[in-house]
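Read the structure below first, then the notes.
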Amino acid sequence: MRSQEKHRLILCSAEELREGERRLFEVDGVEIGLIRAEGTCYAFRNSCPHQGVPMLYGSVVGTMLPSEPQEYVYGLHNEIIRCPLHGWEFNLKTGKALFSPQVSIKMYDAKEEDNEIVLYLDREPQQIVQKQFACAL
């Protein structure tokens with residue numbers, strides 16, 4: 001396998017991850033959160049870089065965008081995940097924090113293909129576990 005090829009890992013069927021739902025996996029000891037928002041699947045390391053709080057419990061929201069004085073422009077609807085402890089916000093498409101592009105959460109390539117949710121990894125995983133997860137959001 002060439003070094004740039006990704007390892008394809010089927011996480012679940014598409015029916016198991018409906019709009020707004022979340023799943024938690026542990027891949028080689030690393031927790032990876034999975035969310036479907038606005039039809040898109042997002043996978044990320046389930047740890048806020050600030051204090052390690054599980055990001056999967058965070059709200060998925062939008063945010064106010066830069067605008068003229070006394071003008072309020074809302075955008076990025078359901079593309080932002082907010083840390084449940086201190087409110088740090090990260091773009092689900094890039095992983096970058098809204099307050100500083102130097103701070104980010106690790107994002108993984110996740111897609112819906114052939115009615116399955118697939119995660120692409122840089123190396124072949126040795127151990128994959130779907131963990132129990134309950135969130136009232």
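Chain identifiers are assigned as A, B, and so on, following the order in which chains appear in the structure tokens; residues are numbered from 1 within each chain, and ligands are numbered from 1 in order of appearance.
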What's the 12 Å shell around segment 55-61 of chain A, counting only C-alpha atoms, without same-chain residues fewer than 5 positions away, as a short mmCIF file (atom, residue, chain, number, x, y, z; two decimals) with C-alpha atoms, in the first residue's frame?
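Once written, selection_34.cif looks like this:
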```
data_model
loop_
_atom_site.label_atom_id
_atom_site.label_comp_id
_atom_site.auth_asym_id
_atom_site.auth_seq_id
_atom_site.Cartn_x
_atom_site.Cartn_y
_atom_site.Cartn_z
CA GLU A 19 -29.43 13.61 11.53
CA GLY A 20 -28.30 15.10 14.85
CA GLU A 21 -27.14 11.77 16.27
CA ARG A 22 -23.75 11.01 17.76
CA ARG A 23 -21.59 7.92 18.19
CA LEU A 24 -18.39 7.26 20.08
CA PHE A 25 -15.59 4.93 18.97
CA GLU A 31 -11.68 8.25 21.35
CA ILE A 32 -13.23 9.51 18.12
CA GLY A 33 -16.58 11.28 18.17
CA LEU A 34 -18.93 11.02 15.20
CA ILE A 35 -21.78 13.46 14.50
CA ARG A 36 -24.19 13.94 11.61
CA ALA A 37 -25.21 17.58 11.16
CA GLU A 38 -27.00 19.01 8.13
CA TYR A 42 -17.99 14.77 11.07
CA ALA A 43 -15.40 12.73 12.97
CA PHE A 44 -13.05 14.29 15.52
CA ARG A 45 -10.83 13.45 18.46
CA ASN A 46 -13.16 13.47 21.45
CA SER A 47 -11.01 15.77 23.57
CA CYS A 48 -10.98 19.55 23.92
CA PRO A 49 -7.38 20.81 23.64
CA HIS A 50 -7.98 23.10 26.62
CA TYR A 74 -25.46 34.67 11.71
CA GLY A 75 -23.74 31.86 9.80
CA LEU A 76 -22.03 28.48 9.86
CA HIS A 77 -25.30 26.92 11.06
CA ASN A 78 -24.62 23.49 12.61
CA GLU A 79 -20.92 23.71 11.61
CA ILE A 80 -19.57 24.68 15.06
CA ILE A 81 -19.10 22.40 18.06
CA ARG A 82 -18.85 24.06 21.46
CA CYS A 83 -16.87 22.55 24.34
CA PRO A 84 -19.36 21.71 27.10
CA LEU A 85 -17.06 22.98 29.88
CA HIS A 86 -15.69 26.39 28.89
CA GLY A 87 -17.47 27.05 25.60
CA TRP A 88 -14.49 26.96 23.25
CA GLU A 89 -15.89 26.73 19.71
CA PHE A 90 -14.42 24.74 16.82
CA ASN A 91 -15.35 24.59 13.15
CA LEU A 92 -16.46 21.02 12.35
CA GLY A 95 -11.22 21.64 13.42
CA SER A 104 -7.72 23.04 16.88
CA ILE A 105 -9.25 19.65 17.47
CA LYS A 106 -8.06 16.75 15.34
CA MET A 107 -10.52 16.04 12.54
CA PHE A 133 -22.58 6.96 24.79
CA ALA A 134 -25.65 8.87 25.92
CA CYS A 135 -26.20 12.55 25.34
CA ALA A 136 -29.44 14.46 25.95
CA LEU A 137 -28.69 17.20 23.40
#
```
Exercise for review: Find the residues around Gln126 of chain A up to 12 Å (only C-alpha atoms counted), leave out those fewer than 5 positions away in its own chain, and share them as a list in words.
Suggested key: His7, Leu9, Glu26, Val27, Asp28, Gly29, Val30 and Leu121 of chain A
Exercise for review: Pick out the residues sitting within 12 Å of Lys6 of chain A, and hand them over as a ChimeraX atom specification; count only C-alpha atoms, and ignore anything fewer than 6 positions along from it in its own chain.
Suggested key: /A:108-110,118-125
**Study point:** Sel. of helix (DSSP H, G or I) residues, chain A, as number ranges by chain
**Key:** A: 14-16, 55-57
Output all heavy atoms for every residue in the selection just made, as a compact mmCIF listing (two decimals), in the first residue's frame.
```
# COMPACT_ATOMS: atom_id res chain seq x y z
N ALA A 14 -25.49 3.74 7.71
CA ALA A 14 -25.98 5.12 7.67
C ALA A 14 -27.24 5.28 8.52
O ALA A 14 -27.46 6.34 9.12
CB ALA A 14 -26.25 5.54 6.22
N GLU A 15 -28.05 4.24 8.62
CA GLU A 15 -29.28 4.31 9.43
C GLU A 15 -28.96 4.44 10.92
O GLU A 15 -29.78 4.93 11.69
CB GLU A 15 -30.15 3.06 9.21
CG GLU A 15 -30.81 3.00 7.86
CD GLU A 15 -29.89 2.41 6.79
OE1 GLU A 15 -29.01 1.59 7.14
OE2 GLU A 15 -30.04 2.78 5.62
N GLU A 16 -27.78 3.99 11.33
CA GLU A 16 -27.39 4.08 12.74
C GLU A 16 -26.90 5.47 13.13
O GLU A 16 -26.64 5.72 14.31
CB GLU A 16 -26.30 3.06 13.04
CG GLU A 16 -26.76 1.63 12.97
CD GLU A 16 -25.62 0.67 13.24
OE1 GLU A 16 -25.38 0.38 14.43
OE2 GLU A 16 -24.99 0.23 12.26
N MET A 55 -15.59 16.30 23.77
CA MET A 55 -16.29 17.23 22.88
C MET A 55 -17.64 16.71 22.42
O MET A 55 -18.52 17.48 22.04
CB MET A 55 -15.42 17.54 21.67
CG MET A 55 -14.19 18.37 21.97
SD MET A 55 -14.57 20.01 22.63
CE MET A 55 -15.36 20.77 21.22
N LEU A 56 -17.84 15.41 22.46
CA LEU A 56 -19.08 14.82 21.96
C LEU A 56 -20.30 15.30 22.75
O LEU A 56 -21.42 15.24 22.25
CB LEU A 56 -18.97 13.30 21.98
CG LEU A 56 -19.84 12.52 21.03
CD1 LEU A 56 -19.73 13.04 19.60
CD2 LEU A 56 -19.51 11.07 21.06
N TYR A 57 -20.09 15.80 23.97
CA TYR A 57 -21.20 16.34 24.76
C TYR A 57 -21.50 17.79 24.42
O TYR A 57 -22.44 18.38 24.95
CB TYR A 57 -20.88 16.23 26.26
CG TYR A 57 -20.89 14.81 26.76
CD1 TYR A 57 -19.70 14.14 27.00
CD2 TYR A 57 -22.09 14.14 26.99
CE1 TYR A 57 -19.70 12.83 27.45
CE2 TYR A 57 -22.09 12.83 27.43
CZ TYR A 57 -20.90 12.18 27.67
OH TYR A 57 -20.90 10.89 28.11
```
Point to revise | Length of the atom CA of Arg8 of chain A to atom CA of Thr94 of chain A vector [Å] | key: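 Atom CA of Arg8 of chain A sits 20.4 Å away from atom CA of Thr94 of chain A.
Minimum distance to Glu116 of chain A across A:Gln51, A:Lys93, A:Glu68, A:Ser13 (counting only C-alpha atoms) occurs at A:Ser13.
Take atom CA of Asn115 of chain A and atom CA of Cys41 of chain A: the distance between them is 12.4 Å.
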Check your understanding: So what do you get for atom CA of Pro101 of chain A versus atom CA of Leu11 of chain A, distance-wise?
Key -> 29.3 Å
**Study point:** Picked from chain A by DSSP as strand (DSSP E), as a PyMOL selection string
**Key:** chain A and resi 7-13+22-27+30-37+40-45+59-65+73-82+89-91+107-113+116-121+128-131
